[in-house]
$ cat start35.txt   # compact mmCIF, C-alpha atoms
# COMPACT_ATOMS: atom_id res chain seq x y z
CA MET J 311 -20.79 -28.88 21.70
CA GLU J 312 -17.20 -30.07 21.95
CA PHE J 313 -14.67 -29.27 24.68
CA GLY J 314 -10.97 -28.73 24.20
CA ILE J 315 -7.90 -28.01 26.28
CA THR J 316 -5.04 -25.61 25.59
CA LEU J 317 -1.60 -25.92 27.14
CA PHE J 318 0.55 -22.79 27.18
CA THR J 319 3.62 -24.85 26.43
CA SER J 320 6.94 -23.99 28.01
CA ASP J 321 10.21 -25.63 28.92
CA ARG J 322 8.77 -26.33 32.38
CA GLY J 323 6.12 -28.66 33.70
CA ILE J 324 4.24 -31.34 31.80
CA THR J 325 5.30 -32.17 28.25
CA PRO J 326 2.87 -31.72 25.34
CA ALA J 327 2.85 -35.48 24.73
CA ALA J 328 1.92 -36.31 28.32
CA ALA J 329 -0.65 -33.49 28.37
CA ALA J 330 -2.31 -34.57 25.11
CA LYS J 331 -2.44 -38.18 26.25
CA ALA J 332 -4.21 -37.12 29.44
CA VAL J 333 -6.56 -34.82 27.53
CA GLU J 334 -7.61 -37.72 25.33
CA ARG J 335 -7.95 -40.12 28.26
CA PHE J 336 -10.34 -37.77 30.08
CA GLY J 337 -12.66 -37.54 27.09
CA PHE J 338 -11.85 -34.09 25.73
CA ASP J 339 -12.07 -33.47 22.00
CA SER J 340 -9.04 -31.33 21.20
CA PHE J 341 -5.61 -30.21 22.35
CA TYR J 342 -4.17 -26.79 21.44
CA VAL J 343 -0.80 -25.08 21.83
CA PRO J 344 0.32 -21.46 21.12
CA GLU J 345 3.20 -19.95 19.15
CA HIS J 346 5.79 -17.24 19.69
CA THR J 347 9.18 -17.62 18.02
CA HIS J 348 10.73 -15.09 20.39
CA ILE J 349 9.80 -12.03 22.42
CA PRO J 350 11.86 -8.87 21.80
CA VAL J 351 13.02 -7.46 25.14
CA ARG J 352 12.21 -3.92 24.05
CA ARG J 353 8.68 -3.68 22.71
CA ASP J 354 6.31 -0.90 21.72
CA ALA J 355 3.34 -3.17 21.05
CA ALA J 356 0.80 -3.42 23.86
CA HIS J 357 -0.41 -6.82 25.01
CA PRO J 358 -4.21 -7.15 24.59
CA GLN J 359 -4.69 -8.19 28.23
CA THR J 360 -2.33 -5.81 30.03
CA GLY J 361 -2.84 -2.81 27.75
CA ASP J 362 0.87 -1.96 27.77
CA GLU J 363 4.22 -3.55 26.93
CA SER J 364 4.20 -5.79 30.01
CA LEU J 365 3.42 -9.50 29.63
CA PRO J 366 0.81 -11.29 31.77
CA ASP J 367 2.88 -14.48 31.83
CA ASP J 368 6.58 -15.29 31.44
CA ARG J 369 5.67 -18.35 29.35
CA TYR J 370 5.39 -16.03 26.33
CA MET J 371 9.18 -16.07 26.19
CA ARG J 372 9.43 -19.83 26.85
CA THR J 373 6.96 -21.36 24.37
CA LEU J 374 7.87 -24.53 22.52
CA ASP J 375 7.65 -24.82 18.76
CA PRO J 376 3.98 -25.69 18.15
CA TRP J 377 4.53 -28.18 15.34
CA VAL J 378 7.21 -30.12 17.18
CA ALA J 379 4.96 -30.11 20.26
CA LEU J 380 1.94 -31.35 18.30
CA GLY J 381 4.06 -33.95 16.54
CA THR J 382 4.95 -35.49 19.90
CA ALA J 383 1.28 -35.31 20.90
CA ALA J 384 0.19 -37.06 17.70
CA SER J 385 2.51 -39.97 18.40
CA VAL J 386 0.77 -40.86 21.70
CA THR J 387 -2.88 -40.13 20.83
CA GLU J 388 -5.43 -41.60 18.43
CA ARG J 389 -8.58 -39.46 18.59
CA VAL J 390 -8.04 -35.98 19.97
CA ARG J 391 -7.75 -33.13 17.46
CA LEU J 392 -4.44 -31.24 17.41
CA GLY J 393 -4.56 -27.47 17.00
CA THR J 394 -2.82 -24.14 17.45
CA ALA J 395 -4.25 -21.33 19.54
CA VAL J 396 -2.82 -19.58 17.74
CA ALA J 397 -0.03 -20.02 15.18
CA LEU J 398 1.59 -17.14 13.28
CA PRO J 399 2.15 -18.36 9.70
CA VAL J 400 3.57 -15.04 8.48
CA GLU J 401 6.64 -15.68 10.64
CA HIS J 402 7.54 -18.69 8.48
CA ASP J 403 8.40 -19.65 4.94
CA PRO J 404 4.93 -20.75 3.75
CA ILE J 405 6.14 -23.53 1.44
CA THR J 406 8.09 -25.12 4.28
CA LEU J 407 5.23 -24.57 6.73
CA ALA J 408 2.80 -26.21 4.30
CA LYS J 409 5.01 -29.30 4.27
CA THR J 410 5.16 -29.37 8.08
CA ILE J 411 1.39 -29.08 8.53
CA ALA J 412 0.62 -31.58 5.75
CA SER J 413 3.04 -34.06 7.31
CA LEU J 414 1.36 -33.70 10.71
CA ASP J 415 -2.12 -34.06 9.23
CA HIS J 416 -0.99 -37.13 7.28
CA LEU J 417 0.73 -38.82 10.21
CA SER J 418 -2.05 -38.01 12.68
CA GLY J 419 -4.80 -39.37 10.45
CA GLY J 420 -6.32 -35.99 9.58
CA ARG J 421 -6.56 -34.43 13.05
CA VAL J 422 -5.03 -30.96 12.56
CA THR J 423 -6.81 -27.65 13.15
CA LEU J 424 -4.87 -24.54 12.13
CA GLY J 425 -5.72 -21.70 14.49
CA VAL J 426 -4.07 -18.52 13.20
CA GLY J 427 -3.67 -14.95 14.36
CA PHE J 428 -2.76 -11.65 12.73
CA GLY J 429 -0.22 -11.06 15.50
CA TRP J 430 -0.53 -8.58 18.37
CA ASN J 431 3.25 -8.47 18.97
CA LEU J 432 4.22 -6.12 16.18
CA ASP J 433 7.85 -6.03 17.32
CA GLU J 434 8.06 -9.82 16.95
CA LEU J 435 6.56 -9.61 13.45
CA THR J 436 8.98 -6.84 12.49
CA ASP J 437 11.94 -9.05 13.35
CA HIS J 438 10.57 -11.54 10.81
CA GLY J 439 10.36 -8.88 8.12
CA VAL J 440 6.56 -8.77 8.14
CA PRO J 441 5.12 -5.49 6.76
CA ILE J 442 2.82 -4.58 9.63
CA LYS J 443 0.21 -2.72 7.60
CA LYS J 444 -0.08 -5.61 5.15
CA ARG J 445 0.13 -8.56 7.51
CA ARG J 446 -3.50 -9.49 6.85
CA THR J 447 -2.90 -9.64 3.10
CA MET J 448 0.29 -11.61 3.71
CA LEU J 449 -1.55 -14.12 5.92
CA ARG J 450 -4.34 -14.56 3.37
CA GLU J 451 -1.84 -15.22 0.58
CA TYR J 452 0.12 -17.68 2.72
CA LEU J 453 -3.07 -19.60 3.52
CA GLU J 454 -4.10 -19.63 -0.15
CA GLY J 455 -0.66 -20.78 -1.25
CA MET J 456 -0.51 -23.52 1.36
CA GLN J 457 -3.97 -24.72 0.33
CA ALA J 458 -2.75 -24.99 -3.26
CA LEU J 459 0.17 -27.16 -2.11
CA TRP J 460 -2.15 -29.28 0.02
CA SER J 461 -4.79 -29.89 -2.63
CA GLN J 462 -3.40 -29.55 -6.17
CA GLU J 463 -1.36 -32.20 -7.97
CA GLU J 464 0.69 -29.48 -9.64
CA ALA J 465 0.36 -26.51 -7.33
CA SER J 466 1.12 -22.90 -8.21
CA TYR J 467 0.37 -19.49 -6.72
CA GLU J 468 0.91 -15.87 -7.67
CA GLY J 469 0.57 -13.08 -5.12
CA GLU J 470 2.26 -10.02 -3.69
CA PHE J 471 4.05 -11.88 -0.90
CA LEU J 472 4.12 -15.45 -2.22
CA SER J 473 4.73 -16.75 -5.71
CA PHE J 474 5.75 -20.18 -7.01
CA GLY J 475 5.36 -21.95 -10.31
CA PRO J 476 3.87 -25.40 -10.94
CA SER J 477 5.26 -27.65 -8.21
CA TRP J 478 4.89 -31.14 -6.77
CA ALA J 479 4.45 -31.41 -3.04
CA TRP J 480 3.38 -34.43 -1.03
CA PRO J 481 1.97 -35.50 1.35
CA LYS J 482 -1.35 -33.81 0.75
CA THR J 483 -3.43 -33.11 3.81
CA ILE J 484 -5.96 -35.81 4.58
CA GLN J 485 -8.49 -33.03 5.20
CA GLN J 486 -9.32 -31.47 1.85
CA PRO J 487 -8.94 -28.96 0.40
CA ARG J 488 -7.17 -27.81 3.56
CA VAL J 489 -7.04 -28.33 7.28
CA PRO J 490 -9.69 -26.20 9.06
CA VAL J 491 -8.48 -22.62 9.48
CA ILE J 492 -9.81 -20.80 12.55
CA VAL J 493 -8.89 -17.16 13.18
CA GLY J 494 -8.23 -16.01 16.73
CA ALA J 495 -9.11 -12.32 16.76
CA ALA J 496 -11.33 -9.71 18.35
CA GLY J 497 -14.97 -9.96 17.34
CA ASN J 498 -15.66 -7.09 14.96
CA GLU J 499 -16.88 -6.50 11.41
CA LYS J 500 -13.41 -6.02 9.92
CA ASN J 501 -12.14 -9.34 11.27
CA PHE J 502 -15.34 -11.17 10.38
CA ARG J 503 -15.17 -10.01 6.77
CA TRP J 504 -11.61 -11.33 6.60
CA ILE J 505 -12.73 -14.65 8.10
CA ALA J 506 -15.61 -14.96 5.64
CA ARG J 507 -13.17 -14.45 2.77
CA ALA J 508 -10.20 -16.53 3.89
CA ALA J 509 -10.96 -18.88 6.81
CA ASP J 510 -13.39 -21.43 8.20
CA GLY J 511 -14.26 -20.02 11.61
CA TRP J 512 -13.59 -17.71 14.54
CA MET J 513 -11.82 -18.26 17.86
CA THR J 514 -12.56 -15.67 20.54
CA THR J 515 -9.80 -13.88 22.44
CA PRO J 516 -9.31 -14.53 26.17
CA ILE J 517 -10.75 -11.12 27.07
CA GLU J 518 -14.09 -11.56 25.26
CA HIS J 519 -17.07 -12.74 27.28
CA ASP J 520 -20.28 -11.45 25.70
CA ILE J 521 -20.17 -13.14 22.31
CA ASP J 522 -23.85 -13.51 21.37
CA ASP J 523 -24.13 -10.46 19.12
CA ASN J 524 -20.77 -11.17 17.49
CA VAL J 525 -21.74 -14.73 16.61
CA LEU J 526 -24.86 -13.44 14.90
CA LEU J 527 -22.85 -10.75 13.09
CA LEU J 528 -20.31 -13.29 11.82
CA ARG J 529 -23.06 -15.54 10.50
CA LYS J 530 -24.68 -12.59 8.70
CA ILE J 531 -21.38 -11.60 7.06
CA TRP J 532 -20.66 -15.24 6.22
CA GLU J 533 -23.97 -15.58 4.41
CA GLU J 534 -23.52 -12.25 2.60
CA ALA J 535 -20.13 -13.50 1.37
CA GLY J 536 -21.83 -16.48 -0.22
CA ARG J 537 -20.15 -19.06 2.00
CA GLU J 538 -21.91 -22.39 2.39
CA GLY J 539 -22.72 -23.92 5.76
CA ALA J 540 -21.79 -21.99 8.89
CA PRO J 541 -18.53 -20.69 10.35
CA ARG J 542 -17.03 -22.77 13.16
CA ILE J 543 -17.26 -20.92 16.48
CA VAL J 544 -14.61 -21.69 19.11
CA VAL J 545 -14.77 -19.94 22.49
CA LEU J 546 -11.95 -19.58 25.00
CA ASP J 547 -13.49 -19.89 28.47
CA ARG J 548 -12.04 -19.52 31.96
CA LYS J 549 -14.50 -21.44 34.12
CA PRO J 550 -17.36 -23.77 33.18
CA VAL J 551 -20.71 -22.30 34.23
CA PRO J 552 -23.68 -24.52 33.28
CA GLU J 553 -26.04 -21.66 32.42
CA LYS J 554 -23.43 -20.01 30.20
CA LEU J 555 -22.53 -23.26 28.43
CA SER J 556 -26.21 -23.97 27.83
CA ARG J 557 -26.69 -20.53 26.28
CA TRP J 558 -23.64 -21.02 24.05
CA ALA J 559 -24.92 -24.42 22.94
CA ASP J 560 -28.25 -22.85 21.99
CA LEU J 561 -26.34 -20.13 20.12
CA GLY J 562 -24.55 -22.81 18.08
CA VAL J 563 -21.06 -22.56 19.54
CA ASP J 564 -19.10 -25.55 18.23
CA GLU J 565 -16.33 -25.82 20.80
CA VAL J 566 -15.28 -24.40 24.16
CA ILE J 567 -11.61 -24.44 25.19
CA TYR J 568 -10.13 -24.33 28.70
CA GLY J 569 -6.56 -23.67 29.74
CA MET J 570 -4.57 -26.18 31.75
CA PRO J 571 -1.63 -25.56 34.10
CA ASP J 572 1.90 -26.31 32.92
CA ALA J 573 2.57 -27.97 36.25
CA ASP J 574 3.76 -31.49 37.03
CA GLU J 575 1.81 -34.38 35.57
CA GLU J 576 0.08 -35.29 38.83
CA THR J 577 -1.28 -31.76 39.20
CA VAL J 578 -2.42 -31.63 35.57
CA VAL J 579 -4.18 -34.99 35.77
CA ALA J 580 -6.02 -33.90 38.91
CA TYR J 581 -7.11 -30.68 37.16
CA LEU J 582 -8.35 -32.53 34.06
CA ASP J 583 -10.18 -35.08 36.18
CA LYS J 584 -12.05 -32.32 38.02
CA LEU J 585 -12.82 -30.37 34.83
CA ALA J 586 -14.01 -33.49 33.02
CA GLY J 587 -16.46 -34.15 35.84
CA LYS J 588 -17.89 -30.64 35.61
CA LEU J 589 -18.34 -30.97 31.85
CA GLY J 590 -19.74 -34.49 31.88
CA ARG J 591 -16.79 -35.99 30.02
CA THR J 592 -16.34 -39.74 30.34
CA PRO J 593 -12.73 -40.82 30.99
CA ALA J 594 -11.48 -43.80 28.99
CA ALA J 595 -10.96 -47.05 30.85
CA ASP J 596 -7.36 -47.80 31.74
$ encode --input "start35.txt" --output "structure tokens"
Amino acid sequence: MEFGITLFTSDRGITPAAAAKAVERFGFDSFYVPEHTHIPVRRDAAHPQTGDESLPDDRYMRTLDPWVALGTAASVTERVRLGTAVALPVEHDPITLAKTIASLDHLSGGRVTLGVGFGWNLDELTDHGVPIKKRRTMLREYLEGMQALWSQEEASYEGEFLSFGPSWAWPKTIQQPRVPVIVGAAGNEKNFRWIARAADGWMTTPIEHDIDDNVLLLRKIWEEAGREGAPRIVVLDRKPVPEKLSRWADLGVDEVIYGMPDADEETVVAYLDKLAGKLGRTPAAD
């Protein structure tokens, strides 16, 4: 089982580059960042954690661009995987986004993981012109179109929300036919059927704790959909508890992710050092 770290990036505290470098040095396997282009001041959409329009953290309105952040992280690391937890592709032009992600995968040596979400902040999506009731279809088409650009010599795609004729687009992603796509969403049959059709795995939400039955359900739906292998299971955890981690390992969880503070570098390094010790990570020699 692998262990990753997520930094809720903001314009305060440690930079993504410094954070990713420390994450790699302390033996973790991956480094994730989130995405919000903006937060409308007036919102009707409820946050999944608070249950109303209030935000649990002011960093939601201060997040850095994830691809710029991961680009800086790629330039100072060699091994750690670089991911989003989660990105919102429907808020972008998919042809341009495909170029950005392919460039990062190319320059990082094939280390990108694309964590995506359907988007809980409906007001944010509306500002981007996303049809709320069809955002799942839109996301699926964007992912399919980007995969075509990443893998086909002359790529084309025809859909409801994305269409382009035969086109050249390089670089191709090193990971073929696409970078791994992991969906961050509530564990339920509807979401799992979407994952089995359009993605490579599931990332739990921060408010989910009892995942055993959902993991089994996803695997059942995955098999029924005729997918080969097994879906990648990524769990967001708050605190490492040996008995829980052992149970998840037996269940076949692939990766567990922990949040890190966006504090000064000294504070972050001390946190990672302590967490690495609890998880049995081996820091690299200076």
$ closest_residue --input "start35.txt" --among "J:Val386, J:Met448, J:Met371, J:Val378" --to "J:Ala327" --atoms "only C-alpha atoms"
J:Val386
$ residues_near_point --input "start35.txt" --point "(8.8, -30.9, 35.8)" --cutoff "10 Å" --atoms "all atoms listed in the file" --output "number ranges by chain"
J: 321-325, 572-575
$ write_last_selection --input "start35.txt" --atoms "C-alpha atoms" --output "PDB file, keeping the file's coordinate frame"
ATOM      1  CA  ASP J 321      10.210 -25.630  28.920  1.00  0.00           C
ATOM      2  CA  ARG J 322       8.770 -26.330  32.380  1.00  0.00           C
ATOM      3  CA  GLY J 323       6.120 -28.660  33.700  1.00  0.00           C
ATOM      4  CA  ILE J 324       4.240 -31.340  31.800  1.00  0.00           C
ATOM      5  CA  THR J 325       5.300 -32.170  28.250  1.00  0.00           C
ATOM      6  CA  ASP J 572       1.900 -26.310  32.920  1.00  0.00           C
ATOM      7  CA  ALA J 573       2.570 -27.970  36.250  1.00  0.00           C
ATOM      8  CA  ASP J 574       3.760 -31.490  37.030  1.00  0.00           C
ATOM      9  CA  GLU J 575       1.810 -34.380  35.570  1.00  0.00           C
TER      10      GLU J 575
END
$ residues_around --input "start35.txt" --residues "J:Ala379" --least-positions-apart "3" --cutoff "8 Å" --atoms "only C-alpha atoms" --output "ChimeraX atom specification"
/J:326-327,343,374-376,382-383
$ closest_residue --input "start35.txt" --among "J:Ile349, J:Ala580, J:Val544, J:Leu365" --to "J:Ala395" --atoms "all atoms listed in the file"
J:Val544
$ atom_distance --input "start35.txt" --atom1 "atom CA of J:Glu533" --atom2 "atom CA of J:Asp510"
12.7 Å
$ atom_distance --input "start35.txt" --atom1 "atom CA of J:Ser385" --atom2 "atom CA of J:Ala330"
9.9 Å
$ closest_atom_pairs --input "start35.txt" --of "stretch 362-440 of chain J" --to "stretch 452-462 of chain J" --cutoff "12 Å" --atoms "all atoms listed in the file" --output "Markdown table"
| residue | atom | partner | partner_atom | distance |
| --- | --- | --- | --- | --- |
| J:Leu398 | CA | J:Tyr452 | CA | 10.7 |
| J:Pro399 | CA | J:Tyr452 | CA | 7.3 |
| J:Val400 | CA | J:Tyr452 | CA | 7.2 |
| J:Glu401 | CA | J:Tyr452 | CA | 10.5 |
| J:His402 | CA | J:Tyr452 | CA | 9.4 |
| J:Asp403 | CA | J:Tyr452 | CA | 8.8 |
| J:Pro404 | CA | J:Tyr452 | CA | 5.8 |
| J:Ile405 | CA | J:Met456 | CA | 6.7 |
| J:Thr406 | CA | J:Met456 | CA | 9.2 |
| J:Leu407 | CA | J:Met456 | CA | 7.9 |
| J:Ala408 | CA | J:Met456 | CA | 5.2 |
| J:Lys409 | CA | J:Leu459 | CA | 8.3 |
| J:Thr410 | CA | J:Met456 | CA | 10.6 |
| J:Ile411 | CA | J:Trp460 | CA | 9.2 |
| J:Ala412 | CA | J:Trp460 | CA | 6.8 |
| J:Ser413 | CA | J:Trp460 | CA | 10.1 |
| J:Asp415 | CA | J:Trp460 | CA | 10.4 |
| J:His416 | CA | J:Trp460 | CA | 10.8 |
| J:Leu424 | CA | J:Leu453 | CA | 10.1 |
| J:Gly425 | CA | J:Leu453 | CA | 11.5 |
| J:Val426 | CA | J:Leu453 | CA | 9.8 |
| J:Gly427 | CA | J:Leu453 | CA | 11.8 |
$ closest_residue --input "start35.txt" --among "J:Arg591, J:His346, J:Lys554, J:Lys549" --to "J:Leu435" --atoms "only C-alpha atoms"
J:His346
$ residues_around --input "start35.txt" --residues "stretch 523-529 of chain J" --least-positions-apart "5" --cutoff "8 Å" --atoms "all atoms listed in the file" --output "PyMOL selection string"
chain J and resi 497-499+502-503+506+540-541+543+561
$ closest_residue --input "start35.txt" --among "J:Gly429, J:Pro366, J:Pro441, J:Gly562" --to "J:Gly494" --atoms "all atoms listed in the file"
J:Gly429
$ residues_around --input "start35.txt" --residues "J:Leu414" --least-positions-apart "4" --cutoff "8 Å" --atoms "only C-alpha atoms" --output "ChimeraX atom specification"
/J:377,380-381,384,410,418,422
$ residues_around --input "start35.txt" --residues "J:Pro350" --least-positions-apart "6" --cutoff "10 Å" --atoms "all atoms listed in the file" --output "list in words"
Met371, Asn431, Leu432, Asp433, Glu434, Leu435, Thr436 and Asp437 of chain J
$ closest_residue --input "start35.txt" --among "J:Arg372, J:Arg507, J:Lys331, J:His357" --to "J:Glu345" --atoms "only C-alpha atoms"
J:Arg372
$ build_atoms --input "start35.txt" --residues "stretch 383-401 of chain J" --atoms "N, CA, C and O atoms" --output "short mmCIF file (atom, residue, chain, number, x, y, z; two decimals), keeping the file's coordinate frame"
data_model
loop_
_atom_site.label_atom_id
_atom_site.label_comp_id
_atom_site.auth_asym_id
_atom_site.auth_seq_id
_atom_site.Cartn_x
_atom_site.Cartn_y
_atom_site.Cartn_z
N ALA J 383 2.63 -34.98 20.42
CA ALA J 383 1.28 -35.31 20.90
C ALA J 383 0.61 -36.31 19.97
O ALA J 383 -0.10 -37.22 20.42
N ALA J 384 0.81 -36.15 18.67
CA ALA J 384 0.19 -37.06 17.70
C ALA J 384 0.67 -38.49 17.89
O ALA J 384 -0.08 -39.44 17.66
N SER J 385 1.92 -38.64 18.31
CA SER J 385 2.51 -39.97 18.40
C SER J 385 1.95 -40.79 19.57
O SER J 385 2.13 -42.01 19.59
N VAL J 386 1.27 -40.13 20.52
CA VAL J 386 0.77 -40.86 21.70
C VAL J 386 -0.75 -40.78 21.83
O VAL J 386 -1.31 -41.17 22.84
N THR J 387 -1.42 -40.23 20.80
CA THR J 387 -2.88 -40.13 20.83
C THR J 387 -3.46 -40.73 19.55
O THR J 387 -2.76 -40.91 18.55
N GLU J 388 -4.77 -41.01 19.58
CA GLU J 388 -5.43 -41.60 18.43
C GLU J 388 -6.66 -40.81 17.97
O GLU J 388 -7.03 -40.87 16.80
N ARG J 389 -7.28 -40.07 18.88
CA ARG J 389 -8.58 -39.46 18.59
C ARG J 389 -8.58 -37.95 18.68
O ARG J 389 -9.20 -37.26 17.85
N VAL J 390 -7.93 -37.39 19.67
CA VAL J 390 -8.04 -35.98 19.97
C VAL J 390 -7.50 -35.13 18.81
O VAL J 390 -6.49 -35.46 18.19
N ARG J 391 -8.22 -34.03 18.50
CA ARG J 391 -7.75 -33.13 17.46
C ARG J 391 -6.58 -32.30 17.97
O ARG J 391 -6.49 -31.99 19.17
N LEU J 392 -5.68 -31.92 17.06
CA LEU J 392 -4.44 -31.24 17.41
C LEU J 392 -4.43 -29.87 16.75
O LEU J 392 -4.46 -29.77 15.52
N GLY J 393 -4.42 -28.80 17.57
CA GLY J 393 -4.56 -27.47 17.00
C GLY J 393 -3.61 -26.45 17.58
O GLY J 393 -2.91 -26.70 18.57
N THR J 394 -3.61 -25.28 16.96
CA THR J 394 -2.82 -24.14 17.45
C THR J 394 -3.77 -23.03 17.87
O THR J 394 -4.75 -22.74 17.20
N ALA J 395 -3.44 -22.43 19.01
CA ALA J 395 -4.25 -21.33 19.54
C ALA J 395 -3.32 -20.24 20.09
O ALA J 395 -3.13 -20.15 21.28
N VAL J 396 -2.76 -19.47 19.19
CA VAL J 396 -2.82 -19.58 17.74
C VAL J 396 -1.40 -19.60 17.18
O VAL J 396 -0.44 -19.18 17.85
N ALA J 397 -1.30 -20.06 15.89
CA ALA J 397 -0.03 -20.02 15.18
C ALA J 397 0.09 -18.70 14.41
O ALA J 397 -0.91 -18.00 14.19
N LEU J 398 1.31 -18.39 14.00
CA LEU J 398 1.59 -17.14 13.28
C LEU J 398 2.29 -17.49 11.96
O LEU J 398 3.52 -17.37 11.84
N PRO J 399 1.54 -17.91 10.95
CA PRO J 399 2.15 -18.36 9.70
C PRO J 399 3.05 -17.34 9.02
O PRO J 399 4.01 -17.72 8.34
N VAL J 400 2.76 -16.04 9.18
CA VAL J 400 3.57 -15.04 8.48
C VAL J 400 5.00 -14.97 9.01
O VAL J 400 5.86 -14.33 8.40
N GLU J 401 5.27 -15.64 10.12
CA GLU J 401 6.64 -15.68 10.64
C GLU J 401 7.44 -16.84 10.05
O GLU J 401 8.55 -17.12 10.50
#
